[in-house]
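To be precise, the following lines are run_25.pdb, and they hold PDB, C-alpha atoms.
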ATOM      1  CA  MET A   1     142.864  96.215 114.147
ATOM      2  CA  LYS A   2     142.143  98.374 111.146
ATOM      3  CA  THR A   3     139.784 101.273 111.713
ATOM      4  CA  ARG A   4     138.050 103.337 109.097
ATOM      5  CA  PRO A   5     136.083 106.574 109.007
ATOM      6  CA  GLU A   6     132.280 106.511 108.808
ATOM      7  CA  LEU A   7     129.900 109.158 107.466
ATOM      8  CA  THR A   8     127.672 110.815 110.054
ATOM      9  CA  LEU A   9     124.327 112.446 109.333
ATOM     10  CA  ALA A  10     126.035 115.821 109.884
ATOM     11  CA  ASP A  11     128.574 114.897 107.169
ATOM     12  CA  CYS A  12     125.730 113.951 104.828
ATOM     13  CA  GLU A  13     124.036 117.284 105.444
ATOM     14  CA  LYS A  14     127.274 119.062 104.470
ATOM     15  CA  ILE A  15     127.518 117.030 101.269
ATOM     16  CA  ALA A  16     123.871 117.628 100.387
ATOM     17  CA  ALA A  17     124.174 121.367 101.083
ATOM     18  CA  GLY A  18     127.302 121.642  98.916
ATOM     19  CA  ALA A  19     125.697 119.700  96.084
ATOM     20  CA  MET A  20     122.471 121.665  96.385
ATOM     21  CA  ALA A  21     124.371 124.983  96.221
ATOM     22  CA  GLU A  22     126.211 123.829  93.088
ATOM     23  CA  ALA A  23     122.909 122.869  91.423
ATOM     24  CA  GLN A  24     121.155 126.067  92.411
ATOM     25  CA  ARG A  25     124.013 128.185  91.053
ATOM     26  CA  SER A  26     123.058 126.962  87.561
ATOM     27  CA  LYS A  27     119.318 126.676  88.328
ATOM     28  CA  TRP A  28     119.547 122.906  87.911
ATOM     29  CA  ILE A  29     116.804 120.786  89.440
ATOM     30  CA  VAL A  30     118.009 117.440  90.735
ATOM     31  CA  ALA A  31     117.747 114.623  93.238
ATOM     32  CA  ILE A  32     120.764 113.911  95.471
ATOM     33  CA  ALA A  33     121.326 110.579  97.221
ATOM     34  CA  ILE A  34     124.052 109.764  99.752
ATOM     35  CA  LEU A  35     124.730 106.114 100.595
ATOM     36  CA  ASP A  36     127.107 104.366 102.970
ATOM     37  CA  ASP A  37     129.927 102.078 101.818
ATOM     38  CA  GLY A  38     127.554  99.114 101.796
ATOM     39  CA  GLY A  39     125.292 100.870  99.328
ATOM     40  CA  HIS A  40     122.568 101.695 101.856
ATOM     41  CA  LEU A  41     120.749 105.021 102.045
ATOM     42  CA  LEU A  42     121.902 107.620 104.542
ATOM     43  CA  HIS A  43     120.416 110.826 103.170
ATOM     44  CA  PHE A  44     118.257 111.867 100.238
ATOM     45  CA  VAL A  45     116.774 115.094  98.914
ATOM     46  CA  ARG A  46     114.783 115.814  95.751
ATOM     47  CA  MET A  47     114.243 119.429  94.680
ATOM     48  CA  ASP A  48     110.816 120.723  93.648
ATOM     49  CA  GLY A  49     110.173 119.853  90.023
ATOM     50  CA  ALA A  50     112.725 117.039  89.781
ATOM     51  CA  THR A  51     111.126 114.037  88.088
ATOM     52  CA  PRO A  52     109.949 111.052  90.121
ATOM     53  CA  ALA A  53     112.392 108.928  88.088
ATOM     54  CA  SER A  54     115.343 111.014  89.284
ATOM     55  CA  ALA A  55     114.864 109.652  92.808
ATOM     56  CA  GLY A  56     115.578 106.066  91.838
ATOM     57  CA  ILE A  57     118.280 107.006  89.340
ATOM     58  CA  ALA A  58     120.220 109.082  91.898
ATOM     59  CA  ILE A  59     120.117 106.199  94.382
ATOM     60  CA  GLU A  60     121.248 103.624  91.806
ATOM     61  CA  LYS A  61     124.114 105.808  90.579
ATOM     62  CA  ALA A  62     125.260 106.244  94.167
ATOM     63  CA  ARG A  63     124.932 102.522  94.856
ATOM     64  CA  THR A  64     127.052 101.783  91.788
ATOM     65  CA  ALA A  65     129.816 104.086  93.044
ATOM     66  CA  ALA A  66     129.532 102.871  96.645
ATOM     67  CA  ILE A  67     129.814  99.152  96.028
ATOM     68  CA  SER A  68     132.267  99.279  93.111
ATOM     69  CA  ARG A  69     134.456 101.973  94.700
ATOM     70  CA  ARG A  70     134.615 103.849  91.417
ATOM     71  CA  SER A  71     132.513 106.437  89.631
ATOM     72  CA  SER A  72     129.432 105.267  87.744
ATOM     73  CA  GLY A  73     130.844 107.233  84.795
ATOM     74  CA  VAL A  74     133.781 104.807  84.608
ATOM     75  CA  TRP A  75     131.296 101.978  84.037
ATOM     76  CA  GLU A  76     129.531 103.999  81.347
ATOM     77  CA  GLN A  77     132.868 104.639  79.650
ATOM     78  CA  ARG A  78     133.875 100.966  79.666
ATOM     79  CA  ILE A  79     130.619  99.974  78.027
ATOM     80  CA  LYS A  80     131.008 102.742  75.437
ATOM     81  CA  GLU A  81     134.421 101.322  74.638
ATOM     82  CA  GLY A  82     132.775  98.029  73.767
ATOM     83  CA  ARG A  83     132.659  96.023  76.991
ATOM     84  CA  THR A  84     128.911  95.438  76.578
ATOM     85  CA  ALA A  85     129.094  92.467  78.963
ATOM     86  CA  MET A  86     129.415  95.051  81.752
ATOM     87  CA  LEU A  87     125.697  95.754  81.316
ATOM     88  CA  LYS A  88     125.059  92.540  83.218
ATOM     89  CA  MET A  89     127.016  93.521  86.331
ATOM     90  CA  PRO A  90     124.774  93.212  89.388
ATOM     91  CA  GLY A  91     123.911  96.449  91.179
ATOM     92  CA  ILE A  92     125.547  98.630  88.562
ATOM     93  CA  LEU A  93     123.842 101.562  86.824
ATOM     94  CA  PRO A  94     126.457 102.548  84.245
ATOM     95  CA  VAL A  95     125.548 106.220  83.910
ATOM     96  CA  GLN A  96     127.742 109.153  84.929
ATOM     97  CA  GLY A  97     126.627 111.051  88.051
ATOM     98  CA  GLY A  98     127.659 108.784  90.937
ATOM     99  CA  LEU A  99     130.966 109.287  92.768
ATOM    100  CA  PRO A 100     132.586 107.411  95.653
ATOM    101  CA  ILE A 101     133.474 109.427  98.763
ATOM    102  CA  VAL A 102     137.067 108.622  99.675
ATOM    103  CA  VAL A 103     138.430 109.693 103.060
ATOM    104  CA  ASP A 104     141.960 108.763 104.201
ATOM    105  CA  GLY A 105     142.132 106.191 101.437
ATOM    106  CA  SER A 106     138.874 104.475 102.437
ATOM    107  CA  CYS A 107     135.608 104.570 100.519
ATOM    108  CA  VAL A 108     133.069 105.702 103.115
ATOM    109  CA  GLY A 109     130.098 105.908 100.772
ATOM    110  CA  ALA A 110     128.939 107.624  97.607
ATOM    111  CA  VAL A 111     126.906 110.478  96.195
ATOM    112  CA  GLY A 112     124.525 110.058  93.264
ATOM    113  CA  VAL A 113     122.841 112.884  91.386
ATOM    114  CA  SER A 114     120.149 112.819  88.709
ATOM    115  CA  GLY A 115     118.164 115.519  86.948
ATOM    116  CA  VAL A 116     120.376 117.297  84.416
ATOM    117  CA  GLN A 117     122.960 116.105  81.864
ATOM    118  CA  SER A 118     125.116 113.306  83.225
ATOM    119  CA  HIS A 119     128.337 115.316  83.330
ATOM    120  CA  GLU A 120     126.455 118.075  85.159
ATOM    121  CA  ASP A 121     125.060 115.524  87.616
ATOM    122  CA  GLU A 122     128.644 114.435  88.321
ATOM    123  CA  GLN A 123     129.757 118.055  88.738
ATOM    124  CA  ILE A 124     127.089 118.459  91.428
ATOM    125  CA  ALA A 125     128.138 115.236  93.183
ATOM    126  CA  LYS A 126     131.777 116.365  93.109
ATOM    127  CA  ALA A 127     130.872 119.736  94.647
ATOM    128  CA  GLY A 128     129.075 117.910  97.462
ATOM    129  CA  ILE A 129     132.093 115.756  98.256
ATOM    130  CA  GLU A 130     134.407 118.771  98.123
ATOM    131  CA  ALA A 131     132.159 120.605 100.577
ATOM    132  CA  LEU A 132     132.678 117.734 103.034
ATOM    133  CA  LEU A 133     136.415 117.339 102.515
ATOM    134  CA  LYS A 134     137.207 121.010 102.919
ATOM    135  CA  SER A 135     135.080 121.360 106.064
TER
ATOM    136  CA  MET B 136      81.701  80.118  91.955
ATOM    137  CA  ARG B 137      78.921  82.570  92.787
ATOM    138  CA  GLY B 138      80.019  82.442  96.418
ATOM    139  CA  LEU B 139      83.575  83.291  95.410
ATOM    140  CA  TRP B 140      82.484  86.350  93.413
ATOM    141  CA  ALA B 141      80.230  87.505  96.242
ATOM    142  CA  GLY B 142      83.146  87.123  98.620
ATOM    143  CA  MET B 143      85.458  89.157  96.391
ATOM    144  CA  LEU B 144      82.821  91.855  95.986
ATOM    145  CA  LEU B 145      82.349  92.017  99.741
ATOM    146  CA  ALA B 146      86.097  92.298 100.294
ATOM    147  CA  GLY B 147      86.228  95.142  97.774
ATOM    148  CA  CYS B 148      83.404  96.953  99.549
ATOM    149  CA  VAL B 149      85.089  96.636 102.921
ATOM    150  CA  PHE B 150      88.294  98.196 101.602
ATOM    151  CA  ALA B 151      86.421 100.921  99.739
ATOM    152  CA  ALA B 152      84.334 101.805 102.786
ATOM    153  CA  GLN B 153      87.397 102.076 104.993
ATOM    154  CA  ALA B 154      89.471 104.102 102.551
ATOM    155  CA  GLN B 155      89.609 107.660 103.668
ATOM    156  CA  ALA B 156      87.580 110.123 101.650
ATOM    157  CA  GLN B 157      90.526 112.459 101.177
ATOM    158  CA  THR B 158      91.712 113.070  97.637
ATOM    159  CA  TYR B 159      95.295 113.555  96.497
ATOM    160  CA  GLY B 160      96.583 117.103  96.196
ATOM    161  CA  ALA B 161      99.678 118.569  94.571
ATOM    162  CA  PRO B 162     102.862 116.710  95.510
ATOM    163  CA  ILE B 163     104.485 117.915  98.717
ATOM    164  CA  THR B 164     107.048 120.684  98.184
ATOM    165  CA  LEU B 165     110.577 120.363  99.511
ATOM    166  CA  GLU B 166     109.852 123.215 101.933
ATOM    167  CA  GLN B 167     106.812 121.385 103.303
ATOM    168  CA  ALA B 168     108.801 118.146 103.479
ATOM    169  CA  LYS B 169     111.527 119.903 105.487
ATOM    170  CA  LYS B 170     108.895 121.102 107.984
ATOM    171  CA  VAL B 171     107.579 117.562 108.375
ATOM    172  CA  MET B 172     111.134 116.225 108.777
ATOM    173  CA  ALA B 173     111.994 118.886 111.377
ATOM    174  CA  ALA B 174     108.916 118.042 113.467
ATOM    175  CA  ALA B 175     109.586 114.299 113.272
ATOM    176  CA  GLU B 176     113.272 114.755 114.059
ATOM    177  CA  ALA B 177     112.431 116.940 117.081
ATOM    178  CA  GLU B 178     110.151 114.228 118.458
ATOM    179  CA  MET B 179     112.843 111.590 117.842
ATOM    180  CA  LYS B 180     115.630 113.599 119.490
ATOM    181  CA  LYS B 181     113.451 114.505 122.473
ATOM    182  CA  ASN B 182     113.264 110.777 123.196
ATOM    183  CA  ASN B 183     116.887 110.001 122.318
ATOM    184  CA  TRP B 184     115.854 107.577 119.579
ATOM    185  CA  ALA B 185     117.852 106.712 116.448
ATOM    186  CA  MET B 186     115.671 106.225 113.370
ATOM    187  CA  SER B 187     115.305 106.503 109.631
ATOM    188  CA  ILE B 188     112.691 108.965 108.399
ATOM    189  CA  ALA B 189     111.399 109.043 104.809
ATOM    190  CA  ILE B 190     109.021 111.488 103.151
ATOM    191  CA  LEU B 191     107.329 110.565  99.856
ATOM    192  CA  ASP B 192     105.229 112.704  97.524
ATOM    193  CA  ALA B 193     101.612 112.061  96.516
ATOM    194  CA  GLY B 194     102.785 109.639  93.822
ATOM    195  CA  GLY B 195     104.783 107.570  96.300
ATOM    196  CA  HIS B 196     108.203 108.831  95.190
ATOM    197  CA  LEU B 197     110.995 109.767  97.582
ATOM    198  CA  VAL B 198     111.440 113.469  98.399
ATOM    199  CA  LEU B 199     113.470 113.579 101.613
ATOM    200  CA  LEU B 200     115.179 110.973 103.773
ATOM    201  CA  GLN B 201     117.629 110.757 106.633
ATOM    202  CA  ARG B 202     119.091 107.990 108.746
ATOM    203  CA  SER B 203     120.379 108.579 112.276
ATOM    204  CA  ASP B 204     124.006 107.787 113.032
ATOM    205  CA  GLY B 205     124.555 104.164 113.920
ATOM    206  CA  SER B 206     121.007 103.012 113.177
ATOM    207  CA  GLN B 207     120.293  99.846 111.202
ATOM    208  CA  PHE B 208     121.019 100.038 107.480
ATOM    209  CA  ILE B 209     117.669  98.553 106.466
ATOM    210  CA  GLY B 210     115.868 101.426 108.240
ATOM    211  CA  PRO B 211     115.514 103.650 105.152
ATOM    212  CA  GLU B 212     113.991 100.805 103.117
ATOM    213  CA  VAL B 213     111.463 100.014 105.854
ATOM    214  CA  ALA B 214     110.629 103.701 106.299
ATOM    215  CA  ILE B 215     110.080 104.070 102.543
ATOM    216  CA  ASP B 216     107.812 100.980 102.517
ATOM    217  CA  LYS B 217     105.728 102.350 105.383
ATOM    218  CA  ALA B 218     105.356 105.753 103.735
ATOM    219  CA  PHE B 219     104.489 104.154 100.394
ATOM    220  CA  SER B 220     101.741 102.098 101.995
ATOM    221  CA  ALA B 221     100.348 105.166 103.777
ATOM    222  CA  VAL B 222     100.151 107.257 100.615
ATOM    223  CA  ALA B 223      99.017 104.482  98.267
ATOM    224  CA  TYR B 224      96.223 103.278 100.546
ATOM    225  CA  LYS B 225      95.480 106.701 102.082
ATOM    226  CA  ARG B 226      95.698 105.380 105.617
ATOM    227  CA  PRO B 227      98.217 104.879 108.417
ATOM    228  CA  GLY B 228     100.028 101.562 108.689
ATOM    229  CA  LYS B 229      98.447 101.229 112.117
ATOM    230  CA  ALA B 230      94.994 100.933 110.512
ATOM    231  CA  PHE B 231      96.161  97.821 108.655
ATOM    232  CA  GLN B 232      98.072  96.584 111.707
ATOM    233  CA  ASP B 233      94.989  96.754 113.928
ATOM    234  CA  ARG B 234      92.799  94.963 111.396
ATOM    235  CA  LEU B 235      95.431  92.299 110.840
ATOM    236  CA  ALA B 236      95.568  91.710 114.589
ATOM    237  CA  THR B 237      91.899  90.710 114.588
ATOM    238  CA  GLY B 238      92.915  87.657 112.567
ATOM    239  CA  GLY B 239      90.528  85.545 110.530
ATOM    240  CA  ALA B 240      89.890  86.857 107.024
ATOM    241  CA  GLU B 241      91.845  90.029 107.813
ATOM    242  CA  ILE B 242      95.129  88.210 107.285
ATOM    243  CA  ARG B 243      94.413  88.890 103.581
ATOM    244  CA  ILE B 244      96.047  92.283 104.275
ATOM    245  CA  LEU B 245      99.406  90.504 104.077
ATOM    246  CA  ARG B 246      98.697  89.879 100.405
ATOM    247  CA  LEU B 247      97.910  93.520  99.499
ATOM    248  CA  LYS B 248     100.431  94.899  97.052
ATOM    249  CA  GLY B 249     102.644  97.577  98.605
ATOM    250  CA  ALA B 250     100.842  97.510 101.947
ATOM    251  CA  SER B 251     102.932  97.778 105.100
ATOM    252  CA  PRO B 252     100.722  96.703 108.015
ATOM    253  CA  VAL B 253     103.081  98.184 110.575
ATOM    254  CA  GLU B 254     102.733 101.308 112.695
ATOM    255  CA  GLY B 255     105.018 104.185 111.684
ATOM    256  CA  GLY B 256     103.624 105.357 108.356
ATOM    257  CA  ASP B 257     101.099 108.169 107.973
ATOM    258  CA  PRO B 258      99.626 110.205 105.139
ATOM    259  CA  ILE B 259     100.601 113.887 105.129
ATOM    260  CA  VAL B 260      97.560 116.105 104.678
ATOM    261  CA  ALA B 261      97.688 119.777 103.711
ATOM    262  CA  ASP B 262      94.569 121.853 103.073
ATOM    263  CA  GLY B 263      92.441 118.723 103.296
ATOM    264  CA  LYS B 264      94.359 116.846 100.602
ATOM    265  CA  ILE B 265      96.960 114.108 100.731
ATOM    266  CA  VAL B 266     100.242 115.594  99.512
ATOM    267  CA  GLY B 267     102.508 112.713 100.532
ATOM    268  CA  ALA B 268     103.386 110.446 103.427
ATOM    269  CA  ILE B 269     105.977 109.949 106.134
ATOM    270  CA  GLY B 270     107.488 106.638 107.186
ATOM    271  CA  VAL B 271     109.643 105.987 110.241
ATOM    272  CA  SER B 272     111.691 102.948 111.241
ATOM    273  CA  GLY B 273     114.220 102.166 113.939
ATOM    274  CA  GLY B 274     112.275 102.056 117.184
ATOM    275  CA  SER B 275     109.371  99.927 118.355
ATOM    276  CA  GLY B 276     106.184 100.216 116.304
ATOM    277  CA  GLU B 277     104.730 102.576 118.882
ATOM    278  CA  GLN B 278     107.841 104.760 118.890
ATOM    279  CA  ASP B 279     107.953 104.866 115.094
ATOM    280  CA  GLY B 280     104.270 105.833 115.086
ATOM    281  CA  GLN B 281     104.808 108.592 117.621
ATOM    282  CA  VAL B 282     107.549 110.165 115.491
ATOM    283  CA  SER B 283     105.629 109.641 112.263
ATOM    284  CA  ARG B 284     102.488 111.303 113.603
ATOM    285  CA  ALA B 285     104.525 114.218 114.994
ATOM    286  CA  GLY B 286     105.911 114.750 111.499
ATOM    287  CA  ALA B 287     102.611 114.383 109.657
ATOM    288  CA  GLY B 288     100.986 116.809 112.086
ATOM    289  CA  ALA B 289     103.383 119.588 111.155
ATOM    290  CA  LEU B 290     101.361 120.681 108.112
ATOM    291  CA  LYS B 291      97.955 120.551 109.747
TER
END
Can you give me the file's structure in the form of structure tokens?
Amino acid sequence: MKTRPELTLADCEKIAAGAMAEAQRSKWIVAIAILDDGGHLLHFVRMDGATPASAGIAIEKARTAAISRRSSGVWEQRIKEGRTAMLKMPGILPVQGGLPIVVDGSCVGAVGVSGVQSHEDEQIAKAGIEALLKS
Amino acid sequence: MRGLWAGMLLAGCVFAAQAQAQTYGAPITLEQAKKVMAAAEAEMKKNNWAMSIAILDAGGHLVLLQRSDGSQFIGPEVAIDKAFSAVAYKRPGKAFQDRLATGGAEIRILRLKGASPVEGGDPIVADGKIVGAIGVSGGSGEQDGQVSRAGAGALK
């Protein structure tokens, strides 16, 4: 039978710490959500001063990446290129800042970040995933 | 018609009278939220329970959340609902739960928007003001309540 890796809470804490450190380096204030591969919450943290809206946005970006197995930025790009029909995809928030977490070829979940510019949000998410993978 | 209005007025008075007198304060800081989480997590681990714990600010928005390894995936959503109810109505879920259990007209609680009449959600009070709420899900109602109260008590 096929087996696949699964994120633990300890893994999530590593991701959140790595993402948090990346944000703090630039004095960025954000919310960071980590979801499992089914798009369900595992871990969430919102820094002081991050908007209430950033909570929901971070979760939705992560859900997009988790259930579609690709970055939320890819969806944004497709729509920009003219595939406006993609706006109707269920469960998809097509805004950069959500990245899938891929371990041994399997998507084990996703990170979503909201609070600064979208490409900066993604940079923070990427730093979180790297913190996990290099640990 | 007059009877209906009188009934609605009475219902309003009952809810108003039971609402706690505490006012909302500044939203909980991340540092305060981490203290609440640590206290709740300690209580959970002491009992070998696996749960989801959510902490919301005074506006009912998520600040901090964690789900124990292997626990049910709906846990975070239930924990958020319980915390939302506690902060929006300024009272523990158990207060609604107990009233609901008396039956009769109290089953109207099921119709209250955003209310979670289940033990395991409590307002977080700091310096006499409500700064947020904690919600816990994953155990029995009593177990969730025990962990939730341990967390909420951390700032007192």
Query raised in the report: Leaving out stretch 170-185 of chain B and any residue of its chain fewer than 2 positions from it, which residues lie within 9 Å of it when counting only C-alpha atoms, given as number ranges by chain?
Result: B: 165-168, 187-190, 199-207, 259, 269, 271-274, 278-279, 281-290
Query raised in the report: Which is closest to A:Ile59 among A:Gln77, A:Gln96, A:Thr84, A:Ser114, if we use all atoms listed in the file?
Result: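 That would be A:Ser114, the residue with the smallest distance to A:Ile59.
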Query raised in the report: If you measure from atom CA of B:Ala223 to atom CA of B:Arg243, what distance in Å do you get, rounded to one decimal?
Result: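 Rounded to one decimal, the two atoms are 17.1 Å apart.
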**Report entry** Answer key for the PyMOL selection byres ((chain A and resi 23) around 12), residues as a ChimeraX atom specification
**Finding:** /A:16-22,24-32,46-47,50,113-117,120-128
**Report entry** Straight-line distance linking atom CA of B:Val222 with atom CA of B:Ala261, stated in Å to one decimal
**Finding:** 13.1 Å
Query raised in the report: Looking at only C-alpha atoms, which of A:Ser72, A:Val103, A:Gly98, A:Ala10 is the one that sits closest to A:Met86?
Result: A:Ser72
**Report entry** Result set, the ChimeraX specification (/B :<8) & /A on current file, as a list in words
**Finding:**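 When the ChimeraX specification (/B :<8) & /A is applied to the shown file, the picked residues are Thr8, Leu9, His40, Leu41, Leu42, His43, Phe44, Val45, Arg46, Met47, Asp48, Pro52 and Ala55 of chain A.
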Report task. Please identify all polymer residues lying at most 12 Å from the point (128.5, 99.4, 85.0) (file coordinates), using all atoms listed in the file, and present the result as JSON, numbers by chain. Result -> {"A": [60, 61, 62, 63, 64, 65, 67, 68, 69, 70, 71, 72, 73, 74, 75, 76, 77, 78, 79, 80, 83, 84, 85, 86, 87, 88, 89, 90, 91, 92, 93, 94, 95, 96, 98]}
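Restricting the calculation to all atoms listed in the file, the smallest distance between A:Leu7 and any of A:Ser135, A:Ile129, A:Gly109, A:Gly49 is found for A:Gly109.
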Query raised in the report: At what distance in Å, to one decimal, does atom CA of B:Glu254 lie from atom CA of B:Ala193?
Result: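 The value is 19.5 Å.
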Since fewer atoms than expected are present, regenerate N, CA and C atoms for stretch 112-135 of chain A and write them as a compact mmCIF listing (two decimals), keeping the file's coordinate frame.
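Writing the result to selection-v6.txt gives the following:
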# COMPACT_ATOMS: atom_id res chain seq x y z
N GLY A 112 125.11 110.21 94.59
CA GLY A 112 124.52 110.06 93.26
C GLY A 112 123.60 111.21 92.98
N VAL A 113 123.68 111.74 91.76
CA VAL A 113 122.84 112.88 91.39
C VAL A 113 122.14 112.57 90.07
N SER A 114 120.88 112.99 89.96
CA SER A 114 120.15 112.82 88.71
C SER A 114 119.22 114.00 88.49
N GLY A 115 119.10 114.44 87.25
CA GLY A 115 118.16 115.52 86.95
C GLY A 115 118.58 116.36 85.76
N VAL A 116 119.90 116.52 85.57
CA VAL A 116 120.38 117.30 84.42
C VAL A 116 121.26 116.39 83.55
N GLN A 117 122.10 116.97 82.68
CA GLN A 117 122.96 116.10 81.86
C GLN A 117 123.94 115.36 82.78
N SER A 118 124.33 114.18 82.35
CA SER A 118 125.12 113.31 83.22
C SER A 118 126.40 113.96 83.73
N HIS A 119 127.09 114.70 82.86
CA HIS A 119 128.34 115.32 83.33
C HIS A 119 128.05 116.44 84.33
N GLU A 120 126.86 117.05 84.19
CA GLU A 120 126.46 118.08 85.16
C GLU A 120 126.06 117.42 86.49
N ASP A 121 125.38 116.29 86.40
CA ASP A 121 125.06 115.52 87.62
C ASP A 121 126.35 115.22 88.39
N GLU A 122 127.38 114.79 87.66
CA GLU A 122 128.64 114.44 88.32
C GLU A 122 129.31 115.66 88.94
N GLN A 123 129.20 116.79 88.22
CA GLN A 123 129.76 118.06 88.74
C GLN A 123 129.12 118.41 90.09
N ILE A 124 127.82 118.18 90.18
CA ILE A 124 127.09 118.46 91.43
C ILE A 124 127.55 117.50 92.54
N ALA A 125 127.68 116.23 92.20
CA ALA A 125 128.14 115.24 93.18
C ALA A 125 129.53 115.59 93.69
N LYS A 126 130.39 116.02 92.76
CA LYS A 126 131.78 116.36 93.11
C LYS A 126 131.80 117.56 94.07
N ALA A 127 130.94 118.55 93.78
CA ALA A 127 130.87 119.74 94.65
C ALA A 127 130.44 119.34 96.06
N GLY A 128 129.53 118.38 96.15
CA GLY A 128 129.07 117.91 97.46
C GLY A 128 130.21 117.28 98.25
N ILE A 129 130.98 116.43 97.58
CA ILE A 129 132.09 115.76 98.26
C ILE A 129 133.15 116.78 98.67
N GLU A 130 133.41 117.73 97.80
CA GLU A 130 134.41 118.77 98.12
C GLU A 130 133.97 119.59 99.34
N ALA A 131 132.68 119.84 99.43
CA ALA A 131 132.16 120.60 100.58
C ALA A 131 132.46 119.87 101.88
N LEU A 132 132.38 118.53 101.84
CA LEU A 132 132.68 117.73 103.03
C LEU A 132 134.18 117.75 103.33
N LEU A 133 134.98 117.51 102.30
CA LEU A 133 136.42 117.34 102.52
C LEU A 133 137.10 118.63 102.95
N LYS A 134 136.56 119.76 102.52
CA LYS A 134 137.21 121.01 102.92
C LYS A 134 136.66 121.53 104.25
N SER A 135 135.68 120.86 104.81
CA SER A 135 135.08 121.36 106.06
C SER A 135 135.92 120.92 107.28
